[in-house]
Each structure stands twice: as structure tokens, then as C-alpha cells.
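File shown here: upload11.csv, holding CSV, C-alpha atoms.
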chain,number,residue,atom,x,y,z
A,37,MET,CA,287.2,117.4,16.7
A,38,LEU,CA,288.4,119.1,19.9
A,39,ILE,CA,286.2,119.2,23.0
A,40,ASP,CA,286.4,122.0,25.7
A,41,PHE,CA,285.7,120.0,28.8
A,42,HIS,CA,285.0,122.9,31.1
A,43,VAL,CA,282.4,125.7,30.2
A,44,HIS,CA,280.0,127.1,32.7
A,45,LEU,CA,276.3,127.5,32.4
A,46,ALA,CA,275.0,130.5,34.4
A,47,GLY,CA,272.2,133.0,34.5
A,48,SER,CA,269.6,134.6,36.8
A,49,GLY,CA,266.6,132.4,36.4
A,50,CYS,CA,264.8,135.1,34.3
A,51,ALA,CA,263.9,132.7,31.4
A,52,GLN,CA,262.2,130.1,33.5
A,53,SER,CA,265.5,128.2,33.5
A,54,GLY,CA,265.2,127.2,37.2
A,55,ILE,CA,268.6,128.9,37.8
A,56,ILE,CA,269.0,130.4,41.3
A,57,LEU,CA,271.6,133.1,41.8
A,58,GLY,CA,272.4,133.4,45.5
A,59,LYS,CA,272.4,136.8,47.0
A,60,SER,CA,275.7,136.1,48.7
A,61,PHE,CA,277.3,135.2,45.4
A,62,GLU,CA,276.0,138.4,43.7
A,63,LYS,CA,278.0,140.4,46.3
A,64,ARG,CA,281.3,138.7,45.6
A,65,PRO,CA,284.0,140.6,43.6
A,66,THR,CA,284.4,137.6,41.3
A,67,PHE,CA,280.7,137.8,40.3
A,68,ARG,CA,280.8,141.5,39.8
A,69,TYR,CA,284.0,141.3,37.7
A,70,LEU,CA,282.5,138.5,35.4
A,71,LYS,CA,279.3,140.5,35.0
A,72,TYR,CA,281.4,143.5,33.9
A,73,ALA,CA,283.7,141.5,31.7
A,74,GLN,CA,280.8,139.9,29.9
A,75,LYS,CA,279.0,143.3,29.5
A,76,ILE,CA,275.9,142.1,31.2
A,77,SER,CA,273.4,144.8,31.9
A,78,ASN,CA,271.0,144.9,34.9
A,79,GLU,CA,268.1,144.8,32.4
A,80,GLN,CA,269.5,141.6,30.8
A,81,MET,CA,269.7,140.1,34.3
A,82,LEU,CA,266.0,140.6,34.6
A,83,THR,CA,264.9,139.6,31.1
A,84,ASP,CA,267.0,137.2,29.0
A,85,ILE,CA,270.5,136.6,30.3
A,86,ASP,CA,269.9,132.9,30.6
A,87,LEU,CA,269.2,132.6,26.8
A,88,ILE,CA,271.9,135.1,25.9
A,89,TRP,CA,274.4,133.1,27.8
A,90,ILE,CA,273.9,129.8,26.0
A,91,LYS,CA,273.7,131.5,22.6
A,92,ARG,CA,277.0,133.3,23.4
A,93,ILE,CA,278.7,130.0,24.2
A,94,SER,CA,277.4,128.4,21.0
A,95,ASP,CA,278.5,131.3,18.9
A,96,LEU,CA,282.1,131.2,20.3
A,97,ILE,CA,282.3,127.5,19.6
A,98,LYS,CA,281.1,127.9,16.1
A,99,ASN,CA,283.4,130.8,15.4
A,100,SER,CA,286.4,129.0,16.8
A,101,ASP,CA,286.8,126.7,13.7
A,102,CYS,CA,288.9,124.1,15.6
A,103,ILE,CA,286.8,123.5,18.8
A,104,SER,CA,283.8,121.4,17.9
A,105,LYS,CA,282.1,120.9,21.3
A,106,ALA,CA,281.8,122.5,24.7
A,107,VAL,CA,280.8,120.5,27.8
A,108,VAL,CA,278.4,122.9,29.4
A,109,LEU,CA,278.3,122.5,33.1
A,110,CYS,CA,275.3,122.5,35.4
A,111,PHE,CA,275.7,123.2,39.1
A,112,ASP,CA,273.7,121.4,41.8
A,113,SER,CA,272.7,123.0,45.0
A,114,VAL,CA,273.9,122.2,48.5
A,115,TYR,CA,272.5,119.1,50.2
A,116,LEU,CA,273.1,118.2,53.8
A,117,GLU,CA,274.0,114.7,55.0
A,118,ASN,CA,270.3,114.0,55.8
A,119,GLY,CA,269.6,114.4,52.1
A,120,GLU,CA,267.7,117.7,52.4
A,121,GLN,CA,268.4,120.5,49.9
A,122,ASN,CA,269.7,123.8,51.4
A,123,LEU,CA,269.3,126.7,49.1
A,124,GLU,CA,270.4,129.2,51.8
A,125,LEU,CA,273.9,127.8,51.5
A,126,SER,CA,273.8,127.5,47.7
A,127,GLN,CA,275.5,130.3,45.9
A,128,LEU,CA,274.5,129.1,42.4
A,129,TYR,CA,272.1,126.5,41.3
A,130,VAL,CA,271.9,125.5,37.6
A,131,PRO,CA,269.5,122.6,37.4
A,132,ASN,CA,270.1,119.7,35.0
A,133,SER,CA,266.8,120.4,33.3
A,134,TRP,CA,268.3,123.7,32.0
A,135,GLY,CA,271.3,121.7,30.8
A,136,PHE,CA,269.0,119.3,29.0
A,137,PHE,CA,267.4,122.3,27.2
A,138,ALA,CA,270.7,124.0,26.3
A,139,ALA,CA,272.3,120.7,25.0
A,140,GLN,CA,269.2,120.0,22.9
A,141,LYS,CA,268.9,123.6,21.5
A,142,PHE,CA,272.5,123.8,20.6
A,143,LYS,CA,273.3,120.1,20.0
A,144,GLU,CA,275.8,120.9,17.3
A,145,SER,CA,277.9,122.7,19.8
A,146,PHE,CA,277.1,121.4,23.3
A,147,LEU,CA,277.7,118.2,25.4
A,148,LEU,CA,275.9,117.9,28.6
A,149,GLY,CA,277.8,118.3,31.8
A,150,ALA,CA,275.2,117.5,34.5
A,151,SER,CA,275.7,118.0,38.2
A,152,ILE,CA,274.2,115.7,40.9
A,153,HIS,CA,274.9,116.0,44.6
A,154,PRO,CA,275.5,112.4,45.9
A,155,TYR,CA,273.7,113.1,49.2
A,156,ARG,CA,270.4,113.6,47.3
A,157,LYS,CA,267.7,111.1,48.2
A,158,ASP,CA,266.8,110.9,44.5
A,159,PHE,CA,270.3,110.9,43.1
A,160,PHE,CA,269.7,107.6,41.2
A,161,ASN,CA,266.5,108.9,39.5
A,162,GLU,CA,268.2,112.1,38.6
A,163,LEU,CA,271.1,110.2,37.1
A,164,GLU,CA,268.7,108.1,35.0
A,165,LYS,CA,267.2,111.4,33.7
A,166,CYS,CA,270.7,112.6,32.8
A,167,ILE,CA,271.5,109.3,31.0
A,168,GLU,CA,268.3,109.6,29.0
A,169,ASN,CA,269.4,113.1,28.0
A,170,ASN,CA,272.8,111.9,26.8
A,171,VAL,CA,274.9,113.1,29.7
A,172,PHE,CA,278.6,113.3,28.8
A,173,LEU,CA,280.0,113.8,32.4
A,174,LEU,CA,279.1,114.8,35.9
A,175,LYS,CA,280.5,117.9,37.6
A,176,TRP,CA,281.2,118.7,41.3
A,177,LEU,CA,282.7,121.6,43.1
A,178,PRO,CA,282.9,120.0,46.5
A,179,SER,CA,283.7,123.0,48.7
A,180,ALA,CA,280.8,125.0,47.3
A,181,MET,CA,278.3,122.2,47.2
A,182,GLY,CA,279.2,120.6,50.5
A,183,ILE,CA,280.4,117.2,49.2
A,184,ASP,CA,282.9,115.2,51.0
A,185,PRO,CA,284.1,112.7,48.3
A,186,GLU,CA,285.2,110.3,51.0
A,187,ASN,CA,281.8,110.2,52.6
A,188,LYS,CA,280.1,106.8,52.6
A,189,LYS,CA,277.1,108.4,51.0
A,190,CYS,CA,279.1,108.7,47.8
A,191,LEU,CA,279.8,105.0,47.4
A,192,ALA,CA,276.5,104.1,45.8
A,193,PHE,CA,276.9,107.1,43.5
A,194,TYR,CA,280.4,105.9,42.5
A,195,ASP,CA,279.0,102.5,41.7
A,196,ALA,CA,276.4,104.0,39.5
A,197,LEU,CA,278.9,106.2,37.6
A,198,ARG,CA,281.2,103.3,37.1
A,199,GLU,CA,278.5,101.1,35.7
A,200,ALA,CA,277.2,103.8,33.4
A,201,LYS,CA,280.8,104.8,32.4
A,202,ILE,CA,280.2,108.4,33.1
A,203,PRO,CA,283.3,110.4,34.2
A,204,LEU,CA,283.3,112.6,37.2
A,205,LEU,CA,284.8,116.1,36.7
A,206,SER,CA,285.6,117.4,40.1
A,207,HIS,CA,287.2,120.7,41.2
A,208,VAL,CA,290.6,120.2,42.9
A,209,ASP,CA,292.5,122.5,45.2
A,210,ARG,CA,291.7,126.0,46.2
A,211,GLU,CA,288.6,127.8,45.1
A,212,PHE,CA,288.4,131.6,44.4
A,213,THR,CA,285.2,132.2,42.5
A,214,PHE,CA,282.8,130.8,45.2
A,215,ALA,CA,283.0,131.3,48.9
A,216,GLU,CA,283.3,128.5,51.5
A,217,PRO,CA,279.7,128.3,52.7
A,218,VAL,CA,280.6,126.3,55.9
A,219,SER,CA,284.0,126.5,57.5
A,220,GLY,CA,286.0,123.3,56.8
A,221,TRP,CA,284.4,122.5,53.4
A,222,LEU,CA,287.5,123.7,51.5
A,223,LYS,CA,289.3,120.5,52.5
A,224,PHE,CA,286.7,118.6,50.3
A,225,ASN,CA,288.6,119.9,47.3
A,226,HIS,CA,291.8,118.0,48.1
A,227,LEU,CA,292.8,115.6,45.4
A,228,LYS,CA,293.4,112.7,47.8
A,229,LYS,CA,289.6,112.8,48.5
A,230,LEU,CA,289.0,111.4,45.1
A,231,LYS,CA,291.1,108.3,45.7
A,232,THR,CA,288.0,106.3,46.8
A,233,ALA,CA,286.3,107.0,43.5
A,234,LEU,CA,289.4,106.1,41.5
A,235,ASP,CA,289.8,102.8,43.5
A,236,MET,CA,286.2,102.0,42.7
A,237,GLY,CA,286.9,102.3,39.0
A,238,VAL,CA,285.2,105.7,38.3
A,239,THR,CA,286.9,107.7,35.6
A,240,VAL,CA,287.9,111.0,37.3
A,241,ILE,CA,288.9,114.3,35.7
A,242,ALA,CA,290.6,116.7,38.0
A,243,ALA,CA,289.5,120.2,37.1
A,244,HIS,CA,292.4,122.7,36.9
A,245,ALA,CA,295.0,119.9,36.8
A,246,GLY,CA,295.9,120.1,40.5
A,247,THR,CA,297.0,123.7,40.4
A,248,PRO,CA,298.1,125.6,42.3
A,249,SER,CA,299.4,123.3,45.0
A,250,GLN,CA,298.7,119.6,44.1
A,251,ILE,CA,300.5,119.1,40.8
A,252,GLU,CA,302.9,116.6,42.1
A,253,LEU,CA,300.1,114.5,43.7
A,254,ALA,CA,298.3,114.7,40.4
A,255,GLU,CA,301.3,113.3,38.6
A,256,GLU,CA,301.5,110.5,41.2
A,257,PHE,CA,297.8,109.7,40.6
A,258,ALA,CA,298.3,109.8,36.8
A,259,ARG,CA,301.0,107.1,37.2
A,260,LYS,CA,298.9,105.0,39.4
A,261,TYR,CA,295.5,105.2,37.8
A,262,GLU,CA,294.7,104.8,34.1
A,263,ASN,CA,291.2,106.2,34.9
A,264,PHE,CA,292.6,109.5,36.0
A,265,TYR,CA,292.6,112.6,33.7
A,266,LEU,CA,293.1,116.3,34.2
A,267,ASP,CA,291.5,119.3,32.5
A,268,THR,CA,293.6,122.4,31.8
A,269,SER,CA,290.8,124.9,32.6
A,270,GLY,CA,291.3,128.2,34.4
A,271,LEU,CA,295.1,128.1,34.4
A,272,PHE,CA,295.9,131.6,33.1
A,273,ASN,CA,294.4,133.7,35.9
A,274,PRO,CA,296.2,135.3,38.8
A,275,SER,CA,295.4,132.4,41.2
A,276,ARG,CA,297.0,129.7,39.0
A,277,VAL,CA,299.2,131.2,36.3
A,278,ARG,CA,302.6,130.6,37.9
A,279,SER,CA,301.7,127.1,38.9
A,280,ALA,CA,300.5,126.5,35.4
A,281,ILE,CA,304.0,127.0,34.1
A,282,ARG,CA,305.3,124.4,36.5
A,283,LEU,CA,302.5,122.0,35.4
A,284,PHE,CA,303.4,122.2,31.8
A,285,ARG,CA,307.1,121.8,32.4
A,286,LEU,CA,306.4,118.7,34.5
A,287,ALA,CA,303.9,117.3,32.0
A,288,GLN,CA,306.4,117.5,29.1
A,289,LYS,CA,308.5,114.8,30.9
A,290,SER,CA,305.9,112.7,32.6
A,291,VAL,CA,302.7,110.7,32.1
A,292,LEU,CA,300.7,113.9,32.6
A,293,LYS,CA,301.4,114.7,28.9
A,294,GLU,CA,299.0,111.9,28.0
A,295,ARG,CA,296.3,112.9,30.5
A,296,LEU,CA,295.8,116.6,30.0
A,297,LEU,CA,292.5,117.6,28.4
A,298,PHE,CA,291.6,120.9,26.9
A,299,GLY,CA,289.3,123.2,28.9
A,300,THR,CA,288.9,126.9,29.3
A,301,ASP,CA,286.8,127.5,32.4
A,302,TRP,CA,284.8,130.1,30.4
A,303,PRO,CA,283.7,132.7,31.4
A,304,VAL,CA,286.8,132.9,33.6
A,305,PRO,CA,289.2,134.7,31.3
A,306,ALA,CA,292.9,134.0,30.5
A,307,PHE,CA,295.2,136.9,31.2
A,308,PRO,CA,298.2,136.9,28.7
A,309,LEU,CA,299.8,139.8,30.4
A,310,LEU,CA,300.6,137.6,33.4
A,311,LEU,CA,302.8,135.5,31.1
A,312,ILE,CA,304.6,138.3,29.3
A,313,ASP,CA,307.9,137.4,31.0
A,314,LYS,CA,307.6,134.0,29.3
A,315,THR,CA,306.0,134.8,25.9
A,316,GLY,CA,307.8,138.1,25.2
A,317,ILE,CA,306.1,141.3,24.0
A,318,ALA,CA,305.5,140.2,20.4
A,319,LEU,CA,303.7,137.0,21.2
A,320,TYR,CA,301.8,138.7,24.0
A,321,LYS,CA,300.5,141.3,21.5
A,322,GLU,CA,299.6,138.6,19.1
A,323,ILE,CA,297.6,136.6,21.7
A,324,SER,CA,295.9,139.6,23.1
A,325,LYS,CA,294.5,140.4,19.7
A,326,ILE,CA,292.7,137.1,19.5
A,327,ALA,CA,289.1,138.0,20.1
A,328,ASN,CA,287.7,134.6,20.8
A,329,PRO,CA,288.6,133.7,24.4
A,330,PHE,CA,288.6,129.9,23.6
A,331,LEU,CA,291.2,130.4,20.9
A,332,ARG,CA,293.2,132.8,23.1
A,333,ASP,CA,293.4,130.1,25.8
A,334,LEU,CA,294.4,127.5,23.3
A,335,ARG,CA,297.1,129.7,21.8
A,336,LEU,CA,298.7,130.1,25.3
A,337,LYS,CA,298.7,126.4,25.8
A,338,GLU,CA,300.3,125.9,22.4
A,339,PHE,CA,303.1,128.2,23.6
A,340,PHE,CA,303.7,125.8,26.4
A,341,GLY,CA,303.9,122.8,24.1
A,342,PHE,CA,300.3,121.5,24.2
A,343,ASN,CA,298.6,121.9,20.8
A,344,ILE,CA,295.4,120.7,19.3
A,345,ASP,CA,296.8,117.4,18.1
A,346,GLY,CA,298.1,116.5,21.6
A,347,PHE,CA,294.8,117.4,23.3
A,348,LYS,CA,292.9,115.4,20.7
A,349,LYS,CA,295.1,112.3,21.3
A,350,ASN,CA,294.4,112.5,25.1
A,351,GLN,CA,290.7,113.1,24.4
A,352,GLU,CA,290.6,110.0,22.2
A,353,ARG,CA,292.3,107.9,25.0
A,354,LEU,CA,289.6,109.0,27.4
A,355,LEU,CA,286.8,108.3,25.0
A,356,THR,CA,288.2,104.9,24.3
A,357,LEU,CA,288.4,104.2,28.0
A,358,LEU,CA,284.7,105.1,28.2
A,359,ASP,CA,283.8,103.0,25.2
A,360,ARG,CA,282.6,106.2,23.4
A,361,SER,CA,282.8,107.1,19.8
A,362,HIS,CA,285.5,109.5,18.7
A,363,THR,CA,283.3,111.3,16.2
A,364,GLU,CA,281.2,114.4,16.9
A,365,GLU,CA,278.1,112.7,15.7
A,366,VAL,CA,278.0,110.2,18.6
A,367,LEU,CA,279.9,111.0,21.7
A,368,THR,CA,277.7,109.4,24.4
I need this file expressed as C-alpha cells, please.
Amino acid sequence: MLIDFHVHLAGSGCAQSGIILGKSFEKRPTFRYLKYAQKISNEQMLTDIDLIWIKRISDLIKNSDCISKAVVLCFDSVYLENGEQNLELSQLYVPNSWGFFAAQKFKESFLLGASIHPYRKDFFNELEKCIENNVFLLKWLPSAMGIDPENKKCLAFYDALREAKIPLLSHVDREFTFAEPVSGWLKFNHLKKLKTALDMGVTVIAAHAGTPSQIELAEEFARKYENFYLDTSGLFNPSRVRSAIRLFRLAQKSVLKERLLFGTDWPVPAFPLLLIDKTGIALYKEISKIANPFLRDLRLKEFFGFNIDGFKKNQERLLTLLDRSHTEEVLT
């Protein structure tokens, strides 16, 4: 069994999902490109894209043969330090209730990646709901959500995650899909901001493995903290591809080799053309013909020396740390 630790839920809210798509996000080039790449029509945006989206993920997982589960990620809205929700600053909101629905509807393919803003006044109640719905991990994108991981408001949240043995998957380093809603929030993505959570015993997964600029710090954290892991999502796009080469080279000779987890960042695509100088034309053509984007991403990682067996071993280390079963029947 291989888990994809990083797959995004999205939609328009058309199917009573509760999803809110911010107007500012709809105007971003990244949104427009993803809409085009996924062949989403304006009519679908108004009628059934929420349901099409989760069915599409499930079909890709089932057709992959070697990937058994996808952690489907919700996306909480912005909350201010006073605990009030701010939808004006929120570019995307995918409520946990929609994640509950998706994970139940496609339970053979999905694991629940909930999202809870730690400044919420009701964060503990929301966490309890997530636990009742077999949450697998919690996801943050600090710069887009307005979360300073060093803020004292996070301490009680970290205590709760540690006690429940729920890992925190947090975006690290630069962000290109979402804008910075408030100037200065980008610094919240720095890996050093997660040191408090790690020191408190929370299992932390750094999304995108510290690329493009924090790979060496990630390696330092991996040596220091046994509760620190990294996912390999979104590495083969223009913003991270060259640093991904450096990451895989370093990982081959360091503790990172035992901490990298498989992840795609779907629907963000991998671009094999950006690596043609490394793969050569023949392999580039082979990989480009792979229709399933999950398998295309995995094949590129195999080229850099990280295959299914390696990812499975690291995944099993993480599940053991969390006292979770290694079988696909019971993972939470």
C-alpha cells in the first residue's frame, strides 16, 4: 500500500459542499491555468464540479494500481488573532464537513486531511469532530491562512495534536498558487517556525520537502527530530524543479532518505520537460506518455532513486511512530 500524502480538495460550492472560492483567487493565473488543465467548464463550475472533483481523484487512485490511498486535503479559512473568521481574506475555503463526506463516499480511496485554524475559538470542538471522522492528518498553509506557527495561540492546539497523535502537514517555504493576503504573512511558511511544534512532540510533515530554499535546514531538522518528515509533493513544476534535483541528491546520502513521503500536490502537475536535460529524450517521451498524473509523478521520482519500496518503508516508519496500522483496512 502506498499513500499519496498531498492531494487537494477543491470546487466552487455548487453541490452544497460549503466550499467558498474567493473572487481574488479566481483571478489568479494559477487558478485559470488549473481550470484549463483540468478541462473544467463554466457550466461545471455552476453545477457539479465539487462532485466531479472527488470522483476524478478516486478514479485516478483506483486506476494507478500501486497507489492505494490519497490524503484529500481540506482548507480552512483565515482567522484573525481575536478568533474571528475573515472570509474577505480567504482565497479558498474547503470545510472539514466536505472532507468528511468525500472520505466516507470514497473510503476505499481516501484518507481525511482536515484543516483547522489554531486561532479558532472552537478549534478543540472541531478537532473532536475530525477525530470522530477518522482524521488522518491536519493541513496548514500558513501564509494563505494567516497562521504564525510560533504564536502562543498555537500551543494548546499542539498539545491536542500530540495527545491525539495526529500529524501536522504544513506548507514550507515560498508559495506560488495562493497570494499573500496580508503583507508579512509569507514569513509564516519558514521551516524554523515549526520548531515549537516539533519541540512539543507533534509529528510534523513539511510539505514540498523544504524546496526551493530550505532543504539544508530540513536536513538539519531531520537529524534532530525523529518526529519530522517531509512530503515530496509539487516538486516538478517551474518553481521547485531545480531545487528538487538538489533535494534528491542530498537525500541519497543523508537521513532525509528515511523521511521522504510520497505526495503529488494534485492537481498541480509535474512537467517532465523541465527535466529533459537529466532524463534524456527517450525517458522524457516515456514519462510524458503516462496518462495518470500520479504515476507520472512517481516515475520521475523513481528516476531520482526513490521508488515505491523506499516510500513505503518511510511511510511505515511514520505509521509506527503514530501507533497506526500499516494496512489499508485500518490506518487511523
A:Ile167, A:Leu292, A:Ala139, A:Leu310: which is nearest Arg278 of chain A, counting only C-alpha atoms? A:Leu310
Between atom CA of Asp333 of chain A and atom CA of Tyr129 of chain A, what is the spacing in Å? 26.6 Å
Is it possible to get the residues within 7 Å of (278.2, 110.2, 32.3) (coordinates as in the file, counting only C-alpha atoms) written as a PyMOL selection string? chain A and resi 167+171-174+197+200-203
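Nearest to Tyr194 of chain A of all the residues A:Asp101, A:Glu322, A:Asp235, A:Glu262 is A:Asp235, counting all atoms listed in the file.
With all atoms listed in the file as the atoms that count, the minimum distance from Asp301 of chain A to the choices A:Arg332, A:Lys229, A:Arg68, A:His244 is reached by A:His244.
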Quick one: everything within 8 Å of segment 140-155 of chain A, counting all atoms listed in the file, minus sequence neighbours fewer than 3 positions away in the same chain. Send it as a ChimeraX atom specification. /A:94,97-98,104-119,131-132,135-137,159,162-163,166,170-176,181,183,189-190,193
Could you write out that same residue set with C-alpha atoms as a PDB file, in the coordinates of the input?
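Everything below was put into result_14.pdb:
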ATOM      1  CA  SER A  94     277.400 128.400  21.000  1.00  0.00           C
ATOM      2  CA  ILE A  97     282.300 127.500  19.600  1.00  0.00           C
ATOM      3  CA  LYS A  98     281.100 127.900  16.100  1.00  0.00           C
ATOM      4  CA  SER A 104     283.800 121.400  17.900  1.00  0.00           C
ATOM      5  CA  LYS A 105     282.100 120.900  21.300  1.00  0.00           C
ATOM      6  CA  ALA A 106     281.800 122.500  24.700  1.00  0.00           C
ATOM      7  CA  VAL A 107     280.800 120.500  27.800  1.00  0.00           C
ATOM      8  CA  VAL A 108     278.400 122.900  29.400  1.00  0.00           C
ATOM      9  CA  LEU A 109     278.300 122.500  33.100  1.00  0.00           C
ATOM     10  CA  CYS A 110     275.300 122.500  35.400  1.00  0.00           C
ATOM     11  CA  PHE A 111     275.700 123.200  39.100  1.00  0.00           C
ATOM     12  CA  ASP A 112     273.700 121.400  41.800  1.00  0.00           C
ATOM     13  CA  SER A 113     272.700 123.000  45.000  1.00  0.00           C
ATOM     14  CA  VAL A 114     273.900 122.200  48.500  1.00  0.00           C
ATOM     15  CA  TYR A 115     272.500 119.100  50.200  1.00  0.00           C
ATOM     16  CA  LEU A 116     273.100 118.200  53.800  1.00  0.00           C
ATOM     17  CA  GLU A 117     274.000 114.700  55.000  1.00  0.00           C
ATOM     18  CA  ASN A 118     270.300 114.000  55.800  1.00  0.00           C
ATOM     19  CA  GLY A 119     269.600 114.400  52.100  1.00  0.00           C
ATOM     20  CA  PRO A 131     269.500 122.600  37.400  1.00  0.00           C
ATOM     21  CA  ASN A 132     270.100 119.700  35.000  1.00  0.00           C
ATOM     22  CA  GLY A 135     271.300 121.700  30.800  1.00  0.00           C
ATOM     23  CA  PHE A 136     269.000 119.300  29.000  1.00  0.00           C
ATOM     24  CA  PHE A 137     267.400 122.300  27.200  1.00  0.00           C
ATOM     25  CA  PHE A 159     270.300 110.900  43.100  1.00  0.00           C
ATOM     26  CA  GLU A 162     268.200 112.100  38.600  1.00  0.00           C
ATOM     27  CA  LEU A 163     271.100 110.200  37.100  1.00  0.00           C
ATOM     28  CA  CYS A 166     270.700 112.600  32.800  1.00  0.00           C
ATOM     29  CA  ASN A 170     272.800 111.900  26.800  1.00  0.00           C
ATOM     30  CA  VAL A 171     274.900 113.100  29.700  1.00  0.00           C
ATOM     31  CA  PHE A 172     278.600 113.300  28.800  1.00  0.00           C
ATOM     32  CA  LEU A 173     280.000 113.800  32.400  1.00  0.00           C
ATOM     33  CA  LEU A 174     279.100 114.800  35.900  1.00  0.00           C
ATOM     34  CA  LYS A 175     280.500 117.900  37.600  1.00  0.00           C
ATOM     35  CA  TRP A 176     281.200 118.700  41.300  1.00  0.00           C
ATOM     36  CA  MET A 181     278.300 122.200  47.200  1.00  0.00           C
ATOM     37  CA  ILE A 183     280.400 117.200  49.200  1.00  0.00           C
ATOM     38  CA  LYS A 189     277.100 108.400  51.000  1.00  0.00           C
ATOM     39  CA  CYS A 190     279.100 108.700  47.800  1.00  0.00           C
ATOM     40  CA  PHE A 193     276.900 107.100  43.500  1.00  0.00           C
TER      41      PHE A 193
END
